[in-house]
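*Asks:* Please find one structure pasted underneath; my questions will follow.
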Amino acid sequence: SSSSSSSSPSPSSSSPSPCLHHLKDTAALFCGSAYVRYLAVFQMSFGYGQTFADSYLNSEIVVQSLGLSSVGWVSAMIPTTAAVASPVVTYWGKSKTSKRFWLVTGSLMFAFVGIIAIVFDKQQLISAKWWISVMYVLLGIGRGVFENTGKATIVDFYPNENAASAFSNMLLWSGFAFGLAFLSSAYLSQRMLASVLTALGVVAAVCIVCAFKSYFSSSSSSSTTTT
């Protein structure tokens, strides 16, 4: 009995770890589902936009314009605006069509922030004083859409066992954009950073439209087949 027990492999050594299994499922869903790839662009625009504010606007604009003591107040505008926008987005975003509208709107909020930073140079933004808060309010609206409609859409697209992998992709791509924006802020100019954010926002809006078009098409095909 001792020899048989020693020769049989333990469950932990024969099966992959839960972490590796989950990573495999996350990668498989990204490669196999167009919805995830479409939504990933929106998630990246969110991550890049938030870090653009944290790593560039706060340190390069707000500190010089309003002083170090004001950074906390200005930064708080993003979560505060998101909290105020959340009930509105939730109430008016219950249908699939309205969710598409809000996701496109959120994407364009990030693009508008980038456009502002392209049109106005660093010194002009510094001279704007508290008007810089407009950019933080736009980012807050985008964050409110991300936290509410963005997550609700994932549940709509994946109401089954793939939901966990879909949310993992959300964290993966928003986190990737966080890191990308943080690292690039030390090497790229304001207009370059803003151009990337604008491009992400515009492409995200297009991808959202494509995602819902594909979703509505597949849903109508399934209902036709059922009938």
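Labeling convention for the structure tokens: chains A, B, ... as they appear, residues from 1 per chain, ligands from 1 in order of appearance.
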List the spatial neighbours of range 167-180 of chain A as a PyMOL selection string - criterion: any atom at most 10 Å away, only C-alpha atoms, same-chain residues fewer than 3 positions off excluded.
*Replies:* chain A and resi 22-23+25-27+29-30+36-37+39-52+54-55+150-151+154-155+158+162-164+183-185
*Asks:* Please write the residues from the selection above to a file, keeping N, CA and C atoms, as an mmCIF file, in the first residue's frame.
*Replies:*
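Once written, selection38.cif looks like this:
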data_model
loop_
_atom_site.group_PDB
_atom_site.id
_atom_site.type_symbol
_atom_site.label_atom_id
_atom_site.label_comp_id
_atom_site.auth_asym_id
_atom_site.auth_seq_id
_atom_site.Cartn_x
_atom_site.Cartn_y
_atom_site.Cartn_z
ATOM 1 N N HIS A 22 -7.075 30.140 -14.454
ATOM 2 C CA HIS A 22 -7.864 31.356 -14.669
ATOM 3 C C HIS A 22 -7.209 32.253 -15.720
ATOM 4 N N LEU A 23 -5.885 32.335 -15.700
ATOM 5 C CA LEU A 23 -5.185 33.116 -16.721
ATOM 6 C C LEU A 23 -5.416 32.529 -18.116
ATOM 7 N N ASP A 25 -8.069 30.836 -19.067
ATOM 8 C CA ASP A 25 -9.444 31.148 -19.455
ATOM 9 C C ASP A 25 -9.571 32.606 -19.907
ATOM 10 N N THR A 26 -8.859 33.501 -19.222
ATOM 11 C CA THR A 26 -8.894 34.918 -19.569
ATOM 12 C C THR A 26 -8.331 35.150 -20.969
ATOM 13 N N ALA A 27 -7.189 34.527 -21.248
ATOM 14 C CA ALA A 27 -6.571 34.670 -22.570
ATOM 15 C C ALA A 27 -7.428 34.030 -23.655
ATOM 16 N N LEU A 29 -10.689 33.662 -23.687
ATOM 17 C CA LEU A 29 -11.866 34.477 -23.969
ATOM 18 C C LEU A 29 -11.496 35.694 -24.808
ATOM 19 N N PHE A 30 -10.343 36.292 -24.533
ATOM 20 C CA PHE A 30 -9.910 37.448 -25.308
ATOM 21 C C PHE A 30 -9.673 37.069 -26.770
ATOM 22 N N VAL A 36 -15.040 41.014 -26.022
ATOM 23 C CA VAL A 36 -13.969 41.350 -25.076
ATOM 24 C C VAL A 36 -12.950 42.283 -25.711
ATOM 25 N N ARG A 37 -12.608 42.016 -26.952
ATOM 26 C CA ARG A 37 -11.610 42.861 -27.628
ATOM 27 C C ARG A 37 -12.156 44.264 -27.872
ATOM 28 N N LEU A 39 -14.500 45.803 -26.012
ATOM 29 C CA LEU A 39 -14.585 46.477 -24.717
ATOM 30 C C LEU A 39 -13.208 46.806 -24.154
ATOM 31 N N ALA A 40 -12.188 46.051 -24.538
ATOM 32 C CA ALA A 40 -10.842 46.286 -24.025
ATOM 33 C C ALA A 40 -10.349 47.689 -24.379
ATOM 34 N N VAL A 41 -10.738 48.202 -25.531
ATOM 35 C CA VAL A 41 -10.295 49.541 -25.934
ATOM 36 C C VAL A 41 -10.908 50.594 -25.020
ATOM 37 N N PHE A 42 -12.183 50.432 -24.679
ATOM 38 C CA PHE A 42 -12.823 51.348 -23.734
ATOM 39 C C PHE A 42 -12.149 51.266 -22.372
ATOM 40 N N GLN A 43 -11.848 50.063 -21.936
ATOM 41 C CA GLN A 43 -11.194 49.885 -20.643
ATOM 42 C C GLN A 43 -9.800 50.499 -20.629
ATOM 43 N N MET A 44 -9.107 50.426 -21.753
ATOM 44 C CA MET A 44 -7.796 51.055 -21.853
ATOM 45 C C MET A 44 -7.901 52.578 -21.837
ATOM 46 N N SER A 45 -8.916 53.116 -22.485
ATOM 47 C CA SER A 45 -9.091 54.566 -22.473
ATOM 48 C C SER A 45 -9.375 55.059 -21.058
ATOM 49 N N PHE A 46 -10.135 54.280 -20.293
ATOM 50 C CA PHE A 46 -10.377 54.636 -18.884
ATOM 51 C C PHE A 46 -9.081 54.634 -18.099
ATOM 52 N N GLY A 47 -8.323 53.539 -18.203
ATOM 53 C CA GLY A 47 -7.074 53.436 -17.453
ATOM 54 C C GLY A 47 -6.076 54.522 -17.826
ATOM 55 N N TYR A 48 -5.962 54.793 -19.104
ATOM 56 C CA TYR A 48 -5.004 55.802 -19.568
ATOM 57 C C TYR A 48 -5.438 57.194 -19.121
ATOM 58 N N GLY A 49 -6.735 57.462 -19.183
ATOM 59 C CA GLY A 49 -7.235 58.774 -18.790
ATOM 60 C C GLY A 49 -7.033 59.055 -17.314
ATOM 61 N N GLN A 50 -7.312 58.060 -16.479
ATOM 62 C CA GLN A 50 -7.142 58.265 -15.042
ATOM 63 C C GLN A 50 -5.672 58.510 -14.686
ATOM 64 N N THR A 51 -4.783 57.775 -15.313
ATOM 65 C CA THR A 51 -3.365 57.943 -15.017
ATOM 66 C C THR A 51 -2.811 59.215 -15.628
ATOM 67 N N PHE A 52 -3.369 59.654 -16.739
ATOM 68 C CA PHE A 52 -2.976 60.941 -17.323
ATOM 69 C C PHE A 52 -3.222 62.060 -16.316
ATOM 70 N N ASP A 54 -3.456 61.605 -12.938
ATOM 71 C CA ASP A 54 -2.631 61.374 -11.747
ATOM 72 C C ASP A 54 -1.162 61.696 -11.985
ATOM 73 N N SER A 55 -0.618 61.211 -13.089
ATOM 74 C CA SER A 55 0.827 61.308 -13.309
ATOM 75 C C SER A 55 1.263 62.544 -14.068
ATOM 76 N N GLY A 150 -20.235 50.109 -17.893
ATOM 77 C CA GLY A 150 -19.203 49.216 -18.407
ATOM 78 C C GLY A 150 -19.293 47.829 -17.804
ATOM 79 N N LYS A 151 -19.493 47.769 -16.494
ATOM 80 C CA LYS A 151 -19.580 46.464 -15.826
ATOM 81 C C LYS A 151 -20.913 45.781 -16.102
ATOM 82 N N ILE A 154 -20.769 44.028 -19.424
ATOM 83 C CA ILE A 154 -20.059 42.744 -19.363
ATOM 84 C C ILE A 154 -21.009 41.637 -18.926
ATOM 85 N N VAL A 155 -21.838 41.930 -17.934
ATOM 86 C CA VAL A 155 -22.810 40.935 -17.465
ATOM 87 C C VAL A 155 -23.823 40.617 -18.560
ATOM 88 N N TYR A 158 -21.974 38.468 -21.148
ATOM 89 C CA TYR A 158 -21.509 37.163 -20.626
ATOM 90 C C TYR A 158 -22.294 36.798 -19.362
ATOM 91 N N ASN A 162 -18.500 32.550 -18.318
ATOM 92 C CA ASN A 162 -17.437 33.383 -18.887
ATOM 93 C C ASN A 162 -17.358 34.772 -18.257
ATOM 94 N N ALA A 163 -18.294 35.097 -17.367
ATOM 95 C CA ALA A 163 -18.309 36.427 -16.760
ATOM 96 C C ALA A 163 -17.021 36.692 -15.993
ATOM 97 N N ALA A 164 -16.533 35.702 -15.262
ATOM 98 C CA ALA A 164 -15.312 35.896 -14.470
ATOM 99 C C ALA A 164 -14.123 36.232 -15.366
ATOM 100 N N LEU A 183 4.315 55.054 -17.229
ATOM 101 C CA LEU A 183 5.681 54.971 -17.739
ATOM 102 C C LEU A 183 5.930 55.998 -18.845
ATOM 103 N N SER A 184 4.956 56.179 -19.718
ATOM 104 C CA SER A 184 5.157 57.086 -20.854
ATOM 105 C C SER A 184 5.124 58.548 -20.444
ATOM 106 N N SER A 185 4.510 58.865 -19.308
ATOM 107 C CA SER A 185 4.418 60.261 -18.888
ATOM 108 C C SER A 185 5.774 60.884 -18.616
#
*Asks:* Can you list every residue of range 107-134 of chain A that has an atom at most 12 Å from range 188-211 of chain A, with its nearest atom pair and the distance in Å to one decimal, using only C-alpha atoms, ordered by chain then number, as CSV?
*Replies:*
residue,atom,partner,partner_atom,distance
A:Ser107,CA,A:Gly201,CA,4.7
A:Leu108,CA,A:Gly201,CA,5.5
A:Met109,CA,A:Gly201,CA,7.5
A:Phe110,CA,A:Gly201,CA,5.4
A:Ala111,CA,A:Thr198,CA,4.0
A:Phe112,CA,A:Thr198,CA,6.9
A:Val113,CA,A:Thr198,CA,7.4
A:Gly114,CA,A:Ala194,CA,4.2
A:Ile115,CA,A:Thr198,CA,6.2
A:Ile116,CA,A:Ala194,CA,8.1
A:Ala117,CA,A:Ala194,CA,5.7
A:Ile118,CA,A:Arg191,CA,5.0
A:Val119,CA,A:Arg191,CA,8.4
A:Phe120,CA,A:Arg191,CA,8.9
A:Asp121,CA,A:Gln190,CA,7.7
A:Lys122,CA,A:Gln190,CA,7.2
A:Gln123,CA,A:Gln190,CA,11.0
A:Leu125,CA,A:Gln190,CA,10.8
*Asks:* Could you pull the residues within 10 Å of Val145 in chain A, counting only C-alpha atoms, minus those fewer than 2 positions along the same chain, as a PyMOL selection string?
*Replies:* chain A and resi 46+82+85-86+88-90+93+99+102-107+109+139-143+147-152
*Asks:* Any chance you can output those residues with N, CA, C and O atoms as a tab-separated table (two decimals), in the first residue's frame?
*Replies:*
chain	number	residue	atom	x	y	z
A	46	PHE	N	-10.14	54.28	-20.29
A	46	PHE	CA	-10.38	54.64	-18.88
A	46	PHE	C	-9.08	54.63	-18.10
A	46	PHE	O	-8.77	55.61	-17.40
A	82	ALA	N	-17.93	61.01	-10.56
A	82	ALA	CA	-18.37	59.65	-10.87
A	82	ALA	C	-19.51	59.22	-9.96
A	82	ALA	O	-20.47	58.59	-10.42
A	85	ALA	N	-22.60	61.09	-11.11
A	85	ALA	CA	-23.07	60.63	-12.41
A	85	ALA	C	-23.64	59.22	-12.36
A	85	ALA	O	-24.49	58.86	-13.20
A	86	SER	N	-23.21	58.42	-11.41
A	86	SER	CA	-23.61	57.01	-11.37
A	86	SER	C	-25.11	56.79	-11.32
A	86	SER	O	-25.65	55.98	-12.08
A	88	VAL	N	-27.48	58.73	-12.35
A	88	VAL	CA	-28.04	59.17	-13.62
A	88	VAL	C	-27.79	58.13	-14.71
A	88	VAL	O	-28.70	57.75	-15.46
A	89	VAL	N	-26.53	57.66	-14.76
A	89	VAL	CA	-26.16	56.67	-15.76
A	89	VAL	C	-26.94	55.37	-15.54
A	89	VAL	O	-27.40	54.73	-16.50
A	90	THR	N	-27.12	54.99	-14.28
A	90	THR	CA	-27.83	53.76	-13.98
A	90	THR	C	-29.31	53.86	-14.35
A	90	THR	O	-29.89	52.95	-14.94
A	93	GLY	N	-29.75	54.14	-18.15
A	93	GLY	CA	-28.97	53.17	-18.90
A	93	GLY	C	-29.38	51.74	-18.67
A	93	GLY	O	-28.53	50.86	-18.50
A	99	LYS	N	-27.36	51.75	-22.92
A	99	LYS	CA	-26.01	51.40	-22.47
A	99	LYS	C	-24.99	51.71	-23.56
A	99	LYS	O	-23.89	52.20	-23.27
A	102	TRP	N	-24.36	55.46	-23.44
A	102	TRP	CA	-23.52	55.91	-22.33
A	102	TRP	C	-22.07	55.48	-22.49
A	102	TRP	O	-21.15	56.22	-22.13
A	103	LEU	N	-21.86	54.30	-23.03
A	103	LEU	CA	-20.48	53.85	-23.25
A	103	LEU	C	-19.79	54.70	-24.31
A	103	LEU	O	-18.60	55.03	-24.17
A	104	VAL	N	-20.51	55.06	-25.36
A	104	VAL	CA	-19.95	55.96	-26.37
A	104	VAL	C	-19.67	57.33	-25.75
A	104	VAL	O	-18.62	57.94	-25.98
A	105	THR	N	-20.62	57.81	-24.93
A	105	THR	CA	-20.43	59.09	-24.25
A	105	THR	C	-19.20	59.06	-23.34
A	105	THR	O	-18.40	60.00	-23.33
A	106	GLY	N	-19.07	57.99	-22.56
A	106	GLY	CA	-17.90	57.86	-21.69
A	106	GLY	C	-16.60	57.84	-22.46
A	106	GLY	O	-15.60	58.47	-22.05
A	107	SER	N	-16.59	57.15	-23.58
A	107	SER	CA	-15.39	57.11	-24.43
A	107	SER	C	-15.03	58.51	-24.93
A	107	SER	O	-13.86	58.91	-24.92
A	109	MET	N	-15.77	61.31	-23.52
A	109	MET	CA	-15.29	62.14	-22.41
A	109	MET	C	-13.77	62.06	-22.31
A	109	MET	O	-13.09	63.08	-22.12
A	139	LEU	N	-13.32	63.45	-16.87
A	139	LEU	CA	-12.78	62.15	-16.48
A	139	LEU	C	-13.68	61.46	-15.46
A	139	LEU	O	-13.81	60.23	-15.47
A	140	GLY	N	-14.31	62.26	-14.60
A	140	GLY	CA	-15.23	61.68	-13.62
A	140	GLY	C	-16.47	61.08	-14.26
A	140	GLY	O	-16.95	60.02	-13.85
A	141	ILE	N	-16.99	61.76	-15.29
A	141	ILE	CA	-18.14	61.20	-16.02
A	141	ILE	C	-17.75	59.89	-16.69
A	141	ILE	O	-18.48	58.91	-16.63
A	142	GLY	N	-16.56	59.89	-17.31
A	142	GLY	CA	-16.08	58.65	-17.93
A	142	GLY	C	-15.91	57.54	-16.92
A	142	GLY	O	-16.24	56.37	-17.20
A	143	ARG	N	-15.42	57.88	-15.74
A	143	ARG	CA	-15.26	56.86	-14.70
A	143	ARG	C	-16.60	56.33	-14.23
A	143	ARG	O	-16.76	55.13	-13.99
A	147	GLU	N	-17.58	52.42	-14.30
A	147	GLU	CA	-17.91	51.66	-13.10
A	147	GLU	C	-19.32	51.08	-13.13
A	147	GLU	O	-19.59	50.07	-12.47
A	148	ASN	N	-20.21	51.70	-13.87
A	148	ASN	CA	-21.61	51.25	-13.88
A	148	ASN	C	-21.98	50.56	-15.19
A	148	ASN	O	-22.12	49.35	-15.24
A	149	THR	N	-22.12	51.35	-16.24
A	149	THR	CA	-22.55	50.78	-17.52
A	149	THR	C	-21.53	49.80	-18.08
A	149	THR	O	-21.90	48.79	-18.68
A	150	GLY	N	-20.24	50.11	-17.89
A	150	GLY	CA	-19.20	49.22	-18.41
A	150	GLY	C	-19.29	47.83	-17.80
A	150	GLY	O	-19.20	46.82	-18.52
A	151	LYS	N	-19.49	47.77	-16.49
A	151	LYS	CA	-19.58	46.46	-15.83
A	151	LYS	C	-20.91	45.78	-16.10
A	151	LYS	O	-20.97	44.55	-16.25
A	152	ALA	N	-21.98	46.58	-16.18
A	152	ALA	CA	-23.30	45.99	-16.50
A	152	ALA	C	-23.31	45.39	-17.90
A	152	ALA	O	-23.93	44.35	-18.13
*Asks:* Mind the document's chain letters and residue numbers, and return as a PyMOL selection string the residues of range 67-206 of chain A that DSSP labels alpha helix (DSSP H).
*Replies:* chain A and resi 71-75+77-91+96-119+122-127+133-145+151-157+163-184+190-206
*Asks:* Expressed in Å to a single decimal, how great is the separation between CA of Thr80 in chain A and CA of Met135 in chain A?
*Replies:*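 Interatomic distance, CA of Thr80 in chain A to CA of Met135 in chain A: 13.4 Å.
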*Asks:* Could you tell me which of A:Ser218, A:Lys213, A:Arg100, A:Ser65 comes closest to Phe146 in chain A if we count only C-alpha atoms?
*Replies:* A:Arg100
